[in-house]
file protein-v7.cif (mmCIF, C-alpha atoms and all ligand atoms)
data_target
#
loop_
_atom_site.label_atom_id
_atom_site.label_comp_id
_atom_site.auth_asym_id
_atom_site.auth_seq_id
_atom_site.Cartn_x
_atom_site.Cartn_y
_atom_site.Cartn_z
CA MET A 734 8.27 23.90 8.81
CA SER A 735 5.02 24.58 7.09
CA ALA A 736 3.30 22.74 4.29
CA PRO A 737 1.14 25.41 2.70
CA ALA A 738 -2.36 24.12 2.05
CA SER A 739 -3.78 25.49 -1.14
CA ALA A 740 -6.82 27.72 -0.68
CA THR A 741 -8.06 26.03 -3.82
CA GLY A 742 -7.47 22.49 -2.55
CA CYS A 743 -9.75 19.56 -3.35
CA ARG A 744 -10.97 18.64 0.15
CA ASP A 745 -14.49 19.90 -0.53
CA VAL A 746 -14.90 19.35 -4.25
CA PRO A 747 -17.72 17.03 -5.36
CA VAL A 748 -16.59 13.45 -5.92
CA LEU A 749 -18.01 11.26 -8.66
CA ALA A 750 -19.19 8.10 -6.85
CA GLU A 751 -18.94 5.04 -9.11
CA ARG A 752 -20.42 1.70 -8.06
CA GLY A 753 -20.03 -0.51 -11.13
CA GLN A 754 -17.68 -3.25 -12.21
CA HIS A 755 -14.06 -2.80 -11.17
CA GLU A 756 -10.86 -4.19 -12.63
CA VAL A 757 -8.36 -4.58 -9.81
CA PHE A 758 -6.26 -7.41 -8.36
CA CYS A 759 -7.50 -8.94 -5.10
CA GLY A 760 -5.93 -8.52 -1.66
CA LEU A 761 -3.93 -11.75 -1.93
CA THR A 762 -1.43 -9.75 -3.99
CA GLY A 763 -0.14 -8.06 -0.82
CA ILE A 764 1.40 -11.36 0.28
CA ILE A 765 4.02 -10.85 -2.42
CA TRP A 766 5.57 -7.90 -0.59
CA LEU A 767 4.45 -8.75 2.95
CA HIS A 768 6.19 -12.13 3.06
CA ARG A 769 9.49 -10.43 2.23
CA LYS A 770 8.95 -7.80 4.90
CA ILE A 771 7.82 -9.95 7.84
CA GLN A 772 10.69 -12.36 7.88
CA ASP A 773 9.35 -15.00 10.28
CA ALA A 774 5.79 -15.06 8.94
CA PHE A 775 4.01 -17.63 6.80
CA PHE A 776 0.90 -16.81 4.76
CA LEU A 777 -1.43 -19.75 4.30
CA VAL A 778 -4.07 -18.85 1.74
CA VAL A 779 -7.25 -20.82 2.24
CA GLY A 780 -8.56 -20.79 -1.28
CA SER A 781 -9.06 -22.33 -4.68
CA ARG A 782 -6.70 -23.32 -7.47
CA THR A 783 -7.22 -19.83 -8.96
CA CYS A 784 -5.76 -18.30 -5.80
CA ALA A 785 -2.78 -20.68 -5.92
CA HIS A 786 -2.18 -19.76 -9.56
CA LEU A 787 -2.34 -16.05 -8.82
CA LEU A 788 0.28 -16.37 -6.10
CA GLN A 789 2.51 -18.71 -8.06
CA SER A 790 2.50 -16.64 -11.21
CA ALA A 791 2.79 -13.30 -9.45
CA ALA A 792 5.40 -14.43 -6.94
CA GLY A 793 6.87 -17.39 -8.80
CA VAL A 794 9.91 -15.45 -9.94
CA MET A 795 11.23 -15.57 -6.39
CA ILE A 796 13.27 -18.59 -5.43
CA PHE A 797 13.15 -19.76 -1.86
CA ALA A 798 14.46 -23.00 -0.40
CA GLU A 799 11.61 -22.75 2.08
CA PRO A 800 8.78 -20.60 0.72
CA ARG A 801 6.86 -18.46 3.13
CA PHE A 802 3.45 -18.67 1.55
CA GLY A 803 1.26 -21.52 0.42
CA THR A 804 -2.32 -22.38 -0.47
CA ALA A 805 -4.60 -24.81 1.33
CA ILE A 806 -6.93 -25.68 -1.54
CA LEU A 807 -10.57 -26.37 -0.85
CA GLU A 808 -12.35 -28.37 -3.52
CA GLU A 809 -16.00 -27.92 -4.46
CA THR A 810 -16.81 -31.20 -2.73
CA ASP A 811 -15.64 -29.77 0.57
CA LEU A 812 -18.85 -27.76 0.65
CA ALA A 813 -20.63 -30.82 1.93
CA GLY A 814 -18.33 -31.29 4.86
CA LEU A 815 -17.49 -27.90 6.34
CA ALA A 816 -16.80 -29.31 9.79
CA ASP A 817 -14.31 -31.71 8.22
CA ALA A 818 -12.73 -28.84 6.27
CA GLN A 819 -12.24 -26.90 9.50
CA GLU A 820 -10.55 -29.87 11.17
CA GLU A 821 -8.49 -30.62 8.09
CA LEU A 822 -7.26 -27.03 7.95
CA GLU A 823 -6.19 -27.18 11.59
CA ARG A 824 -4.40 -30.50 11.00
CA GLU A 825 -2.58 -28.94 8.02
CA VAL A 826 -1.46 -26.02 10.16
CA ASP A 827 -0.22 -28.37 12.90
CA ARG A 828 1.78 -30.31 10.30
CA LEU A 829 3.22 -27.11 8.79
CA LEU A 830 4.26 -25.68 12.15
CA SER A 831 5.90 -28.89 13.32
CA ARG A 832 7.89 -29.02 10.06
CA ARG A 833 8.84 -25.33 10.08
CA PRO A 834 10.17 -24.18 13.47
CA ASP A 835 11.26 -20.87 11.87
CA ILE A 836 7.62 -19.71 11.57
CA ARG A 837 6.67 -17.33 14.41
CA GLN A 838 3.58 -15.71 12.86
CA LEU A 839 1.08 -17.53 10.73
CA PHE A 840 -1.60 -15.74 8.74
CA LEU A 841 -4.65 -17.67 7.59
CA VAL A 842 -5.75 -15.66 4.56
CA GLY A 843 -9.35 -16.03 3.38
CA SER A 844 -10.38 -15.84 -0.28
CA CYS A 845 -13.52 -15.73 -2.46
CA PRO A 846 -14.95 -19.21 -2.97
CA SER A 847 -18.19 -19.59 -1.07
CA GLU A 848 -16.93 -22.65 0.79
CA VAL A 849 -14.00 -20.60 2.09
CA ILE A 850 -16.21 -17.70 3.11
CA LYS A 851 -18.29 -20.12 5.17
CA LEU A 852 -15.25 -21.36 7.06
CA ASP A 853 -14.71 -19.58 10.36
CA LEU A 854 -11.07 -18.62 10.00
CA SER A 855 -11.06 -16.37 13.05
CA ARG A 856 -12.15 -19.28 15.25
CA ALA A 857 -9.52 -21.49 13.64
CA ALA A 858 -6.87 -18.80 14.25
CA GLU A 859 -7.92 -18.46 17.90
CA ARG A 860 -7.81 -22.21 18.52
CA LEU A 861 -4.48 -22.61 16.73
CA SER A 862 -2.99 -19.61 18.54
CA ALA A 863 -3.93 -21.11 21.90
CA ARG A 864 -2.42 -24.45 20.83
CA HIS A 865 0.88 -23.01 19.53
CA ALA A 866 1.40 -20.07 21.93
CA PRO A 867 3.74 -18.55 22.89
CA LYS A 868 5.99 -19.64 20.05
CA VAL A 869 3.63 -18.97 17.16
CA ARG A 870 0.92 -16.37 16.83
CA VAL A 871 -1.85 -17.34 14.41
CA LEU A 872 -3.94 -14.53 12.90
CA ASN A 873 -6.43 -14.32 10.07
CA TYR A 874 -7.58 -11.78 7.53
CA SER A 875 -9.38 -11.70 4.20
CA GLY A 876 -7.62 -11.20 0.87
CA SER A 877 -10.80 -12.03 -1.05
CA GLY A 878 -11.38 -10.20 -4.30
CA ILE A 879 -15.00 -9.67 -3.24
CA GLU A 880 -13.94 -7.71 -0.17
CA THR A 881 -10.54 -6.28 -1.02
CA THR A 882 -8.59 -4.55 -3.79
CA PHE A 883 -4.92 -5.37 -3.98
CA THR A 884 -3.41 -2.93 -1.49
CA GLU A 885 -6.22 -3.60 0.99
CA GLY A 886 -4.64 -6.99 1.63
CA GLU A 887 -1.81 -5.21 3.45
CA ASP A 888 -4.32 -3.07 5.33
CA ALA A 889 -6.27 -6.16 6.44
CA CYS A 890 -3.06 -7.94 7.47
CA LEU A 891 -1.73 -5.04 9.55
CA ALA A 892 -5.14 -4.39 11.10
CA ALA A 893 -5.28 -8.06 12.14
CA MET A 894 -1.94 -7.70 13.95
CA VAL A 895 -2.94 -4.68 16.06
CA PRO A 896 -5.29 -6.30 18.64
CA ALA A 897 -2.61 -8.90 19.47
CA LEU A 898 0.11 -6.31 20.25
CA PRO A 899 1.11 -5.96 23.92
CA GLU A 900 0.25 -2.78 25.85
CA THR A 901 2.81 -0.09 26.64
CA ASP A 902 2.79 3.38 28.24
CA ARG A 903 5.89 4.46 26.32
CA ARG A 904 5.84 7.75 24.44
CA GLN A 905 6.75 6.46 21.00
CA LEU A 906 6.22 6.86 17.29
CA ILE A 907 5.11 3.98 15.08
CA LEU A 908 5.68 4.13 11.32
CA VAL A 909 2.84 2.19 9.73
CA GLY A 910 3.24 0.53 6.33
CA ALA A 911 5.43 -2.16 4.76
CA LEU A 912 8.31 -0.27 3.13
CA PRO A 913 11.31 -1.91 1.48
CA ASP A 914 14.02 -2.33 4.17
CA VAL A 915 16.38 0.17 2.54
CA VAL A 916 13.68 2.87 2.48
CA GLU A 917 12.59 2.11 6.03
CA ASP A 918 16.21 2.46 7.19
CA GLN A 919 16.48 5.86 5.47
CA ALA A 920 13.31 7.04 7.22
CA LEU A 921 14.53 5.82 10.62
CA ASP A 922 17.86 7.54 10.04
CA LEU A 923 16.18 10.87 9.22
CA LEU A 924 13.96 10.62 12.32
CA SER A 925 16.95 9.76 14.49
CA LYS A 926 18.87 12.79 13.15
CA LEU A 927 15.85 14.91 14.06
CA GLY A 928 16.21 13.55 17.60
CA ILE A 929 13.16 11.25 17.50
CA GLU A 930 14.60 8.02 18.87
CA ASP A 931 11.77 5.87 20.18
CA VAL A 932 10.46 4.72 16.81
CA ALA A 933 8.92 1.36 15.97
CA VAL A 934 7.60 -0.01 12.70
CA LEU A 935 4.40 -1.89 11.87
CA PRO A 936 4.81 -4.48 10.41
CA ALA A 937 7.97 -5.32 12.35
CA ARG A 938 10.49 -7.53 10.57
CA HIS A 939 10.31 -10.15 13.36
CA ALA A 940 7.71 -11.24 15.90
CA ASP A 941 10.07 -10.59 18.84
CA SER A 942 10.77 -6.96 17.87
CA GLY A 943 9.12 -5.71 21.08
CA LEU A 944 6.45 -3.78 19.19
CA ALA A 945 3.78 -2.66 21.66
CA ILE A 946 1.09 0.01 21.69
CA GLY A 947 -0.78 2.23 24.10
CA PRO A 948 -2.23 5.64 24.92
CA ASN A 949 1.11 7.47 24.55
CA THR A 950 1.76 6.03 21.11
CA VAL A 951 1.46 8.29 18.09
CA PHE A 952 1.66 6.91 14.57
CA ALA A 953 2.24 8.14 11.04
CA LEU A 954 1.08 6.21 7.99
CA THR A 955 3.56 5.76 5.15
CA GLN A 956 0.94 4.33 2.77
CA PRO A 957 -2.45 5.85 1.97
CA PHE A 958 -4.30 2.52 1.83
CA LEU A 959 -4.19 1.77 5.55
CA GLY A 960 -7.57 3.10 6.71
CA GLY A 961 -8.51 -0.15 8.49
CA THR A 962 -5.17 -0.24 10.30
CA LEU A 963 -5.63 3.40 11.33
CA ALA A 964 -9.00 2.52 12.91
CA ALA A 965 -7.52 -0.53 14.67
CA LEU A 966 -4.65 1.55 16.10
CA GLU A 967 -7.05 4.22 17.32
CA ARG A 968 -9.12 1.54 19.04
CA ARG A 969 -5.97 0.71 21.01
CA GLY A 970 -5.67 4.35 22.13
CA ALA A 971 -2.89 5.42 19.74
CA ARG A 972 -3.14 8.81 18.02
CA HIS A 973 -2.80 9.41 14.27
CA ILE A 974 -0.55 12.21 12.97
CA PRO A 975 -2.36 13.35 9.80
CA ALA A 976 0.06 14.36 7.05
CA PRO A 977 0.62 14.26 3.32
CA PHE A 978 2.51 11.12 2.27
CA PRO A 979 6.30 11.01 1.82
CA PHE A 980 6.27 11.03 -1.98
CA GLY A 981 8.58 13.56 -3.62
CA GLU A 982 10.52 16.37 -1.97
CA GLU A 983 7.44 18.30 -0.92
CA GLY A 984 5.50 15.29 0.38
CA THR A 985 8.47 13.99 2.35
CA THR A 986 9.12 17.40 3.90
CA ALA A 987 5.43 17.81 4.81
CA TRP A 988 5.32 14.30 6.34
CA LEU A 989 8.49 14.92 8.36
CA THR A 990 7.20 18.35 9.38
CA ALA A 991 4.04 16.85 10.89
CA VAL A 992 6.05 14.28 12.84
CA ALA A 993 8.68 16.82 13.91
CA ARG A 994 5.97 19.17 15.22
CA GLU A 995 4.49 16.38 17.29
CA PHE A 996 7.90 15.83 18.93
CA GLY A 997 8.75 19.54 19.34
CA VAL A 998 11.75 19.59 16.97
CA ASP A 999 12.86 23.17 16.45
CA GLN A 1000 12.82 24.71 13.00
CA ALA A 1001 16.55 25.43 12.75
CA HIS A 1002 17.41 21.82 13.57
CA PHE A 1003 14.76 20.56 11.14
CA ASP A 1004 16.19 22.71 8.36
CA ALA A 1005 19.75 21.64 9.12
CA VAL A 1006 18.84 17.93 8.95
CA THR A 1007 16.65 18.13 5.86
CA ALA A 1008 18.42 20.79 3.75
CA ALA A 1009 20.85 18.49 1.92
CA PRO A 1010 18.47 15.58 1.16
CA ARG A 1011 15.76 18.09 0.17
CA ALA A 1012 18.07 19.75 -2.31
CA ARG A 1013 19.15 16.35 -3.69
CA ALA A 1014 15.51 15.27 -4.05
CA ALA A 1015 14.46 18.52 -5.76
CA ARG A 1016 17.36 18.21 -8.24
CA ALA A 1017 16.57 14.55 -8.95
CA VAL A 1018 12.87 15.27 -9.47
CA ALA A 1019 13.60 18.23 -11.75
CA GLN A 1020 15.87 16.07 -13.89
CA ALA A 1021 13.58 13.03 -14.02
CA ALA A 1022 10.48 15.14 -14.60
CA GLU A 1023 11.77 16.68 -17.82
CA GLY A 1024 9.20 15.59 -20.32
CA LEU A 1025 6.37 15.49 -17.78
CA ARG A 1026 5.81 19.24 -17.62
CA ASP A 1027 2.45 20.33 -19.11
CA ARG A 1028 1.56 16.71 -19.98
CA SER A 1029 -1.79 15.33 -18.82
CA VAL A 1030 -2.40 12.31 -16.59
CA PHE A 1031 -5.50 10.20 -15.90
CA PHE A 1032 -5.71 7.82 -12.91
CA PHE A 1033 -7.88 4.71 -12.84
CA PRO A 1034 -8.69 3.56 -9.29
CA ASP A 1035 -6.30 0.84 -8.25
CA SER A 1036 -3.78 1.14 -5.42
CA GLN A 1037 -5.21 4.06 -3.37
CA LEU A 1038 -1.92 5.85 -4.08
CA GLU A 1039 -3.69 7.90 -6.74
CA ILE A 1040 -4.41 11.10 -4.76
CA PRO A 1041 -0.89 11.48 -3.28
CA LEU A 1042 0.65 10.69 -6.67
CA ALA A 1043 -1.58 13.20 -8.44
CA ARG A 1044 -0.43 15.79 -5.90
CA PHE A 1045 3.22 14.89 -6.57
CA LEU A 1046 2.86 14.91 -10.36
CA THR A 1047 0.94 18.18 -10.53
CA ARG A 1048 2.87 20.17 -7.91
CA GLU A 1049 6.40 18.85 -8.36
CA CYS A 1050 6.49 17.62 -11.95
CA GLY A 1051 4.23 20.19 -13.63
CA MET A 1052 1.67 17.70 -14.96
CA ARG A 1053 -2.04 18.35 -15.36
CA ALA A 1054 -4.39 15.80 -13.79
CA ILE A 1055 -7.61 15.16 -15.74
CA GLU A 1056 -9.23 12.53 -13.54
CA VAL A 1057 -8.04 11.05 -10.25
CA GLY A 1058 -9.92 7.84 -9.50
CA ALA A 1059 -9.36 6.02 -6.20
CA PRO A 1060 -11.03 2.80 -4.97
CA TYR A 1061 -11.86 4.59 -1.68
CA ILE A 1062 -11.32 8.12 -0.45
CA HIS A 1063 -10.69 8.03 3.33
CA ARG A 1064 -10.65 11.68 4.27
CA ALA A 1065 -8.97 10.97 7.62
CA VAL A 1066 -6.10 9.50 5.61
CA VAL A 1067 -5.88 11.60 2.43
CA GLY A 1068 -7.42 14.87 3.71
CA PRO A 1069 -4.01 16.63 3.92
CA GLU A 1070 -3.29 15.47 0.36
CA LEU A 1071 -6.63 16.83 -0.87
CA ASP A 1072 -5.75 20.19 0.72
CA LEU A 1073 -2.61 20.34 -1.42
CA LEU A 1074 -4.11 19.08 -4.68
CA ASP A 1075 -5.21 22.04 -6.82
CA ARG A 1076 -8.80 22.04 -8.03
CA GLY A 1077 -9.32 21.00 -11.61
CA PRO A 1078 -9.21 17.20 -11.92
CA GLN A 1079 -12.39 15.15 -11.61
CA LEU A 1080 -12.16 13.13 -8.39
CA ALA A 1081 -13.84 9.72 -8.59
CA GLU A 1082 -14.35 7.08 -5.89
CA GLY A 1083 -15.02 3.45 -6.82
CA GLN A 1084 -15.26 2.33 -10.42
CA ASP A 1085 -17.58 1.72 -13.30
CA VAL A 1086 -14.92 0.58 -15.69
CA GLU A 1087 -16.74 1.01 -19.02
CA ARG A 1088 -17.87 4.55 -18.22
CA GLN A 1089 -14.41 5.45 -17.02
CA LEU A 1090 -12.80 4.01 -20.16
CA ASP A 1091 -15.12 6.22 -22.21
CA ARG A 1092 -14.05 9.31 -20.25
CA CYS A 1093 -10.40 8.36 -20.67
CA ARG A 1094 -10.77 7.83 -24.44
CA ASP A 1095 -12.51 11.20 -24.77
CA ALA A 1096 -9.78 12.97 -22.81
CA ARG A 1097 -6.84 11.27 -24.64
CA PRO A 1098 -4.43 11.86 -21.72
CA ASP A 1099 -0.69 11.83 -22.36
CA LEU A 1100 -0.33 9.23 -19.58
CA THR A 1101 -2.86 6.82 -18.05
CA VAL A 1102 -2.11 5.14 -14.70
CA CYS A 1103 -4.07 1.88 -14.45
CA GLY A 1104 -4.01 -1.82 -13.64
CA LEU A 1105 -2.44 -4.49 -15.84
CA GLY A 1106 -5.78 -5.58 -17.28
CA LEU A 1107 -6.50 -2.15 -18.75
CA ALA A 1108 -2.97 -1.18 -19.75
CA ASN A 1109 -2.59 -3.44 -22.79
CA PRO A 1110 -5.88 -2.51 -24.49
CA LEU A 1111 -5.22 1.19 -23.86
CA GLU A 1112 -1.67 0.91 -25.24
CA ALA A 1113 -3.15 -0.76 -28.32
CA GLU A 1114 -5.40 2.28 -28.70
CA GLY A 1115 -2.33 4.53 -28.70
CA LEU A 1116 -2.40 5.70 -25.08
CA ALA A 1117 0.77 5.62 -22.95
CA THR A 1118 0.17 3.77 -19.67
CA LYS A 1119 1.85 3.21 -16.34
CA TRP A 1120 1.05 0.04 -14.38
CA ALA A 1121 -0.18 1.03 -10.94
CA ILE A 1122 1.15 -2.18 -9.37
CA GLU A 1123 4.76 -1.12 -10.10
CA LEU A 1124 4.26 1.81 -7.76
CA VAL A 1125 3.74 -0.61 -4.91
CA PHE A 1126 6.68 -2.89 -5.77
CA THR A 1127 9.23 -0.14 -6.43
CA PRO A 1128 10.96 1.87 -3.67
CA VAL A 1129 9.37 5.31 -4.14
CA HIS A 1130 9.08 6.89 -0.66
CA PHE A 1131 11.17 9.64 0.95
CA TYR A 1132 13.85 11.97 -0.40
CA GLU A 1133 16.32 9.53 -1.92
CA GLN A 1134 13.66 7.85 -4.09
CA ALA A 1135 11.91 11.06 -5.25
CA GLY A 1136 13.78 11.14 -8.57
CA ASP A 1137 13.01 7.45 -9.21
CA LEU A 1138 9.33 8.14 -8.56
CA ALA A 1139 9.24 10.86 -11.21
CA GLY A 1140 11.24 8.58 -13.52
CA LEU A 1141 8.58 5.87 -13.26
CA PHE A 1142 6.13 8.26 -14.95
CA SER A 1143 8.48 9.80 -17.49
CA ARG A 1144 9.76 6.45 -18.83
CA PRO A 1145 6.52 5.38 -20.59
CA LEU A 1146 6.33 8.80 -22.29
CA ARG A 1147 9.95 8.58 -23.42
CA ARG A 1148 9.39 5.03 -24.66
CA ARG A 1149 6.37 6.10 -26.67
CA ALA A 1150 8.25 9.07 -28.15
CA ALA A 1151 11.14 6.77 -29.11
CA LEU A 1152 8.75 4.31 -30.76
CA ARG A 1153 7.18 7.16 -32.72
CA LEU A 1154 10.60 8.26 -33.92
CA GLU A 1155 11.48 4.75 -35.02
CA ALA A 1156 8.19 4.45 -36.89
CA ALA A 1157 8.83 7.78 -38.63
CA GLU A 1158 12.31 6.70 -39.85
S1 LIG B 1 -9.11 -14.46 -3.69
FE1 LIG B 1 -10.74 -14.44 -5.22
S2 LIG B 1 -10.06 -12.91 -6.74
FE2 LIG B 1 -8.27 -13.51 -5.53
S3 LIG B 1 -7.32 -15.19 -6.71
FE3 LIG B 1 -8.68 -16.14 -5.16
S4 LIG B 1 -10.61 -16.43 -6.26
FE4 LIG B 1 -9.42 -14.96 -7.46
#
call {"tool": "encode", "arguments": {"input": "protein-v7.cif", "output": "structure tokens", "more": "lines below"}}
Ligand code: SF4
result
Amino acid sequence: MSAPASATGCRDVPVLAERGQHEVFCGLTGIIWLHRKIQDAFFLVVGSRTCAHLLQSAAGVMIFAEPRFGTAILEETDLAGLADAQEELEREVDRLLSRRPDIRQLFLVGSCPSEVIKLDLSRAAERLSARHAPKVRVLNYSGSGIETTFTEGEDACLAAMVPALPETDRRQLILVGALPDVVEDQALDLLSKLGIEDVAVLPARHADSGLAIGPNTVFALTQPFLGGTLAALERRGARHIPAPFPFGEEGTTAWLTAVAREFGVDQAHFDAVTAAPRARAARAVAQAAEGLRDRSVFFFPDSQLEIPLARFLTRECGMRAIEVGAPYIHRAVVGPELDLLDRGPQLAEGQDVERQLDRCRDARPDLTVCGLGLANPLEAEGLATKWAIELVFTPVHFYEQAGDLAGLFSRPLRRRAALRLEAAE
């Protein structure tokens, strides 16, 4: 049950710290997957028309009779009357909640405009919570592009939920991170087969799930962008189980190993439970990774998944990482990943987009993982790209998705090769 740390791992290598302009979506983007996950929640973005457009265009493909997100738009003129804006917001929430009895959790989500930043959303959330308790819990967090990159919206949302959770003394495991339901069910099934039964999930699908927290709670992150949530859980006395992330066969086994150790699962039982899905995952990765071997990859900082994915691509798919950029490197979170990642790639934290583009152009990687805004220009320059945002929307965790994860990276290379063939004919 051991995940061998490489003696040549990257935990102590120098990191290039970049503090320039960055090209990343804002934290509002998280609402697109969070509103599907938390089924009785409503996300009310307090923002501008830009914010409303972002949500509508990014999430507009989904059809709901009763949508579970909306935007309370503040106009420039509202600057003059902040007190009125505060009251108006609370009136809007009262109207929404009286019309929508299905809402059990309401998130007031802050954004960038200065008039929004000046509004005290935490006070509004407190007042509204007191008014609508116990039926509705009102919380707030910021999805502002000034304060958050796109996956940090989920981190801020989950961190906001933690202080409101009831206290428990139960010895339990919490899985932390919003996974697609089918993937979450697979993870719970594996843990149950290992004999770990008292398992809860944050975020829970419903407000009345019974999720509670206390000093006998241990938790494992399923996403590497949840540093704020980790700190909030520790403040409530829960203990983090550090582990690599469940990407690929090796990552999933290492993640399960860390959890199994915590709960005293014996090695023979662990092997018996994991042998078949491990073998399936290894086969699927080997097949999907054909075409990735010996190819180079360059990561722009975007989702905070970059370090675990670089580990997966280099160790399981045979790729060579040139640069691994991440918006933030939380060592408490990605330390075990850095131990596994072989030295060689330049690690970078933060972004100075023009300088990084220059490095990427010089290196001419076979595959560049980046945000939507950079992908098109780089494709036009002849570089194959993978949109980082797809990695958050697609089920990629745990054994059964390992082959699909490798496939996400091999597809752009195959597409480019096919285009070249067509052009040559
Ligand atoms: S929160 Fe800021 S970055 Fe995001 S859509 Fe609104 S204005 Fe734009």
call {"tool": "atom_distance", "arguments": {"input": "protein-v7.cif", "atom1": "atom CA of A:Val779", "atom2": "atom CA of A:Val895"}}
result
21.7 Å
call {"tool": "residues_near_ligand", "arguments": {"input": "protein-v7.cif", "ligand": "ligand LIG 1 (chain B)", "cutoff": "10 Å", "atoms": "only C-alpha atoms and all ligand atoms", "output": "number ranges by chain"}}
result
A: 757-762, 778-788, 842-847, 849, 875-883
call {"tool": "residues_around", "arguments": {"input": "protein-v7.cif", "residues": "A:Leu1071", "least_positions_apart": "5", "cutoff": "7 Å", "atoms": "all atoms listed in the file", "output": "PyMOL selection string"}}
result
chain A and resi 742-744
call {"tool": "residues_around", "arguments": {"input": "protein-v7.cif", "residues": "stretch 1009-1025 of chain A", "least_positions_apart": "3", "cutoff": "10 Å", "atoms": "only C-alpha atoms", "output": "mmCIF file with C-alpha atoms, keeping the file's coordinate frame"}}
result
data_model
loop_
_atom_site.group_PDB
_atom_site.id
_atom_site.type_symbol
_atom_site.label_atom_id
_atom_site.label_comp_id
_atom_site.auth_asym_id
_atom_site.auth_seq_id
_atom_site.Cartn_x
_atom_site.Cartn_y
_atom_site.Cartn_z
ATOM 1 C CA LEU A 923 16.180 10.870 9.220
ATOM 2 C CA GLY A 981 8.580 13.560 -3.620
ATOM 3 C CA GLU A 982 10.520 16.370 -1.970
ATOM 4 C CA GLU A 983 7.440 18.300 -0.920
ATOM 5 C CA THR A 985 8.470 13.990 2.350
ATOM 6 C CA THR A 986 9.120 17.400 3.900
ATOM 7 C CA ASP A 1004 16.190 22.710 8.360
ATOM 8 C CA ALA A 1005 19.750 21.640 9.120
ATOM 9 C CA VAL A 1006 18.840 17.930 8.950
ATOM 10 C CA ARG A 1028 1.560 16.710 -19.980
ATOM 11 C CA SER A 1029 -1.790 15.330 -18.820
ATOM 12 C CA VAL A 1030 -2.400 12.310 -16.590
ATOM 13 C CA LEU A 1046 2.860 14.910 -10.360
ATOM 14 C CA THR A 1047 0.940 18.180 -10.530
ATOM 15 C CA GLU A 1049 6.400 18.850 -8.360
ATOM 16 C CA CYS A 1050 6.490 17.620 -11.950
ATOM 17 C CA GLY A 1051 4.230 20.190 -13.630
ATOM 18 C CA MET A 1052 1.670 17.700 -14.960
ATOM 19 C CA ARG A 1053 -2.040 18.350 -15.360
ATOM 20 C CA ASP A 1099 -0.690 11.830 -22.360
ATOM 21 C CA LEU A 1100 -0.330 9.230 -19.580
ATOM 22 C CA PHE A 1131 11.170 9.640 0.950
ATOM 23 C CA TYR A 1132 13.850 11.970 -0.400
ATOM 24 C CA GLU A 1133 16.320 9.530 -1.920
ATOM 25 C CA GLN A 1134 13.660 7.850 -4.090
ATOM 26 C CA ALA A 1135 11.910 11.060 -5.250
ATOM 27 C CA GLY A 1136 13.780 11.140 -8.570
ATOM 28 C CA ASP A 1137 13.010 7.450 -9.210
ATOM 29 C CA LEU A 1138 9.330 8.140 -8.560
ATOM 30 C CA ALA A 1139 9.240 10.860 -11.210
ATOM 31 C CA GLY A 1140 11.240 8.580 -13.520
ATOM 32 C CA LEU A 1141 8.580 5.870 -13.260
ATOM 33 C CA PHE A 1142 6.130 8.260 -14.950
ATOM 34 C CA SER A 1143 8.480 9.800 -17.490
ATOM 35 C CA ARG A 1144 9.760 6.450 -18.830
ATOM 36 C CA LEU A 1146 6.330 8.800 -22.290
ATOM 37 C CA ARG A 1147 9.950 8.580 -23.420
#
call {"tool": "residues_near_point", "arguments": {"input": "protein-v7.cif", "point": "(-11.9, -17.1, 10.7)", "cutoff": "8 Å", "atoms": "all atoms listed in the file", "output": "list in words"}}
result
Leu841, Gly843, Leu852, Asp853, Leu854, Ser855, Arg856, Ala857, Ala858, Asn873 and Tyr874 of chain A
call {"tool": "write_last_selection", "arguments": {"input": "protein-v7.cif", "atoms": "C-alpha atoms", "output": "mmCIF file, keeping the file's coordinate frame"}}
result
data_model
loop_
_atom_site.group_PDB
_atom_site.id
_atom_site.type_symbol
_atom_site.label_atom_id
_atom_site.label_comp_id
_atom_site.auth_asym_id
_atom_site.auth_seq_id
_atom_site.Cartn_x
_atom_site.Cartn_y
_atom_site.Cartn_z
ATOM 1 C CA LEU A 841 -4.650 -17.670 7.590
ATOM 2 C CA GLY A 843 -9.350 -16.030 3.380
ATOM 3 C CA LEU A 852 -15.250 -21.360 7.060
ATOM 4 C CA ASP A 853 -14.710 -19.580 10.360
ATOM 5 C CA LEU A 854 -11.070 -18.620 10.000
ATOM 6 C CA SER A 855 -11.060 -16.370 13.050
ATOM 7 C CA ARG A 856 -12.150 -19.280 15.250
ATOM 8 C CA ALA A 857 -9.520 -21.490 13.640
ATOM 9 C CA ALA A 858 -6.870 -18.800 14.250
ATOM 10 C CA ASN A 873 -6.430 -14.320 10.070
ATOM 11 C CA TYR A 874 -7.580 -11.780 7.530
#
call {"tool": "residues_around", "arguments": {"input": "protein-v7.cif", "residues": "stretch 943-949 of chain A", "least_positions_apart": "4", "cutoff": "8 Å", "atoms": "only C-alpha atoms", "output": "short mmCIF file (atom, residue, chain, number, x, y, z; two decimals) with C-alpha atoms, in the coordinates of the input"}}
result
data_model
loop_
_atom_site.label_atom_id
_atom_site.label_comp_id
_atom_site.auth_asym_id
_atom_site.auth_seq_id
_atom_site.Cartn_x
_atom_site.Cartn_y
_atom_site.Cartn_z
CA LEU A 898 0.11 -6.31 20.25
CA PRO A 899 1.11 -5.96 23.92
CA GLU A 900 0.25 -2.78 25.85
CA THR A 901 2.81 -0.09 26.64
CA ASP A 902 2.79 3.38 28.24
CA ARG A 903 5.89 4.46 26.32
CA ARG A 904 5.84 7.75 24.44
CA GLN A 905 6.75 6.46 21.00
CA ALA A 933 8.92 1.36 15.97
CA VAL A 934 7.60 -0.01 12.70
CA LEU A 935 4.40 -1.89 11.87
CA ALA A 937 7.97 -5.32 12.35
CA ARG A 969 -5.97 0.71 21.01
CA GLY A 970 -5.67 4.35 22.13
CA ALA A 971 -2.89 5.42 19.74
CA ARG A 972 -3.14 8.81 18.02
#
